[in-house]
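Engineer: Handing you this structure, nothing more for now.
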Amino acid sequence: MKKTIVLSVCLLLLMLVPASAKKKEVSDRADWSALAWKMSQPVLENMAKGELQAKMQTEFSPSFDNRNKKVLYMECFGRLMAGIAPWLSLPNDGRSISYRMAAMQPLALMAWYKTLPKDLSNGQVLAALTKSLHRMFDDQNNFNESGYLTIGFCGHQPNVADWYTNNGSLYMTSLVFMPLGLPATDPFWTDAAQPWTQVKAWGGKPFPKDQRWADTIKTADKW
């Protein structure tokens with residue numbers, strides 16, 4: 001049963017990967033899908049074969065504590081599934097920065113649930129997240145030789161690890177992919193790109209002041 005579920009997820013992801021050779025221009029959604037596939041493929045394929053523990057090239061924080069290191073595989077699969085589950089200004093300081101795009105989970109969740117604040121447009125959110133994804137993952141050493149995530153923020157930077165960090169826990173970065181649960185025809189993907197707050201601020205344009213934001217989204221436990 002577990003293998004059937006994992007193989008089904010693999011097929012769903014594969015369906016979302018664009019046939020880029022047939023198109024000169026790749027959409028933002030296609031870029032997101034391709035990166036989600038790159039991140040997911042080695043995990044899910046080896047999980048389906050029952051070979052994740054044997055094949056995964058692991059990495060642990062230099063200060064990793066004495067907990068059972070096999071927790072890595074559970075974290076890797078569980079956190080990856082949290083990010084791709086919809087198919088069934090990025091901070092650069094502070095704790096757990098090796099989770100990379102996981103910092104954008106609230107924004108991604110609001111986009112998926114269509115609950116973005118009225119003064120925050122689809123075009124702004126998509127443009128900002130896409131720019132962050134490209135800046136973080138294009139031409140950076142974020143994946144090891146076997147295709148698994150490395151410890152770091154933008155590349156391989158083991159020094160940013162906390163005592164509980166391993167490269168299985170890093171798959172929390174996949175939470176940014178939640179808007180991929182929206183169809184390609186959704187306004188989130190089709191609205192024109194617009195400058196987001198940081199672009200306006202650094203460009204000398206008027207921009208809104210920061211305001212307190214409270215999460216009012218309630219996610220029911222389907223089980």
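By order in the structure tokens, chains are A, B, ...; within a chain, residues start at 1; ligands start at 1, following the order shown.
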Could you go through range 22-176 of chain A and tell me which residues DSSP, when run on the backbone, assigns to helix (DSSP H, G or I), listing them as a PyMOL selection string?

Structural biologist: chain A and resi 22+28-48+52-55+71-87+97-113+122-137+158-160+169-176

Engineer: Can you list, as a VMD selection string, every protein, DNA or RNA residue that comes within 12 Å of Ser98 in chain A when you count only C-alpha atoms, leaving out same-chain residues fewer than 5 positions away?

Structural biologist: chain A and resid 60 to 61 91 to 93 103 136 142 149 to 173

Engineer: Could you write those residues out with C-alpha atoms, as a short mmCIF file (atom, residue, chain, number, x, y, z; two decimals), in the first residue's frame?

Structural biologist:
```cif
data_model
loop_
_atom_site.label_atom_id
_atom_site.label_comp_id
_atom_site.auth_asym_id
_atom_site.auth_seq_id
_atom_site.Cartn_x
_atom_site.Cartn_y
_atom_site.Cartn_z
CA PHE A 60 24.13 16.05 9.69
CA SER A 61 24.87 19.23 11.59
CA PRO A 91 14.43 36.20 5.69
CA ASN A 92 18.14 35.33 5.73
CA ASP A 93 18.90 35.27 9.43
CA ALA A 103 9.96 30.72 5.72
CA MET A 136 18.25 30.33 -4.14
CA ASN A 142 21.88 23.02 -2.94
CA LEU A 149 19.33 18.58 -0.42
CA THR A 150 22.48 19.81 1.31
CA ILE A 151 22.67 21.74 4.56
CA GLY A 152 22.80 25.45 3.84
CA PHE A 153 20.78 28.54 2.99
CA CYS A 154 21.87 29.31 -0.58
CA GLY A 155 24.25 26.50 -1.43
CA HIS A 156 26.18 24.12 0.81
CA GLN A 157 26.83 26.00 4.07
CA PRO A 158 27.04 23.47 6.96
CA ASN A 159 28.00 26.20 9.42
CA VAL A 160 24.40 27.52 9.48
CA ALA A 161 23.12 24.20 10.88
CA ASP A 162 21.56 23.95 14.32
CA TRP A 163 22.11 21.04 16.68
CA TYR A 164 18.95 19.27 15.41
CA THR A 165 19.60 19.77 11.67
CA ASN A 166 19.98 16.98 9.14
CA ASN A 167 19.37 17.03 5.42
CA GLY A 168 16.12 15.12 5.86
CA SER A 169 14.59 17.95 7.86
CA LEU A 170 15.50 20.39 5.08
CA TYR A 171 12.63 19.12 2.94
CA MET A 172 10.42 21.53 4.84
CA THR A 173 11.49 23.95 2.09
#
```

Engineer: When you count only C-alpha atoms, which of these residues is closest to Met81 in chain A: A:Trp112, A:Phe177, A:Tyr99, A:Tyr148?

Structural biologist: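 For Met81 in chain A, the nearest of the given residues is A:Phe177.
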
Engineer: Between CA of Tyr113 in chain A and CA of Val125 in chain A, what is the distance in Å, rounded to a tenth?

Structural biologist: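 Here the two named atoms are 13.4 Å from each other.
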